[in-house]
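Quick notes on the structure that follows.
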Amino acid sequence: MGIDPRVLPEEDLLRELRHVHVTRTETLRHGSDDALDHHTVRTRELEAEYLRRHPEREIDPERLREGARQRV
């Protein structure tokens, strides 16, 4: 299933996250059920590790429900 995200250096973790997000639509549209399941699991693993490392990540107010209401 790939290298354990917990052992990836920060740069590699970010590269892997970018890659799974770039390949998501292609996997959804053209991958087998197994490929889609694997992609989903890997994405969750990488995202969980990012969140574990960055629990205080910056949240863009525009990405919150209140921010969306102010744009309307």
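Here's how to read the names in the structure tokens: chain A, B, ... by the order shown, residue numbers from 1 in each chain, ligand numbers from 1 in the order shown.
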Q.
When you look at A:Thr40 with a cut-off of 10 Å (counting only C-alpha atoms), what residues show up, excluding the ones that are within fewer than 3 positions of it in the same chain? I need them as a PyMOL selection string.
A. chain A and resi 20+24+27-28+34-37+43-45
Given the selection you just returned, output its residues as a file containing C-alpha atoms, formatted as a PDB file, in the first residue's frame.
```pdb
ATOM      1  CA  VAL A  20      -3.077  11.438  -4.874  1.00  0.00           C
ATOM      2  CA  ARG A  24      -8.142  11.038  -7.932  1.00  0.00           C
ATOM      3  CA  THR A  27      -8.809   6.729 -10.756  1.00  0.00           C
ATOM      4  CA  LEU A  28     -12.498   7.383 -10.117  1.00  0.00           C
ATOM      5  CA  ASP A  34      -9.770  -2.369  -6.354  1.00  0.00           C
ATOM      6  CA  ALA A  35      -7.752   0.581  -7.657  1.00  0.00           C
ATOM      7  CA  LEU A  36     -10.355   3.033  -6.379  1.00  0.00           C
ATOM      8  CA  ASP A  37     -10.455   1.319  -2.980  1.00  0.00           C
ATOM      9  CA  THR A  43      -5.512   9.180   0.489  1.00  0.00           C
ATOM     10  CA  ARG A  44      -6.961   8.716   3.984  1.00  0.00           C
ATOM     11  CA  GLU A  45      -3.605   7.514   5.332  1.00  0.00           C
TER      12      GLU A  45
END
```
Q: Write out as an NGL selection string which residues come within 8 Å of stretch 47-49 of chain A when counting only C-alpha atoms, dropping same-chain ones fewer than 6 positions away.
A: :A and (5-6 or 17)
**Q.** Spatial neighbours of A:Leu14, 12 Å, only C-alpha atoms, chain gap at least 2 places, as a ChimeraX atom specification
**A.** /A:5,8-12,16-21,43,46-47,49-51,53-54
Q: as a PyMOL selection string, please: all residues of stretch 21-70 of chain A that backbone DSSP puts in helix (DSSP H, G or I).
A: chain A and resi 21-30+33-53+61-63+65-70
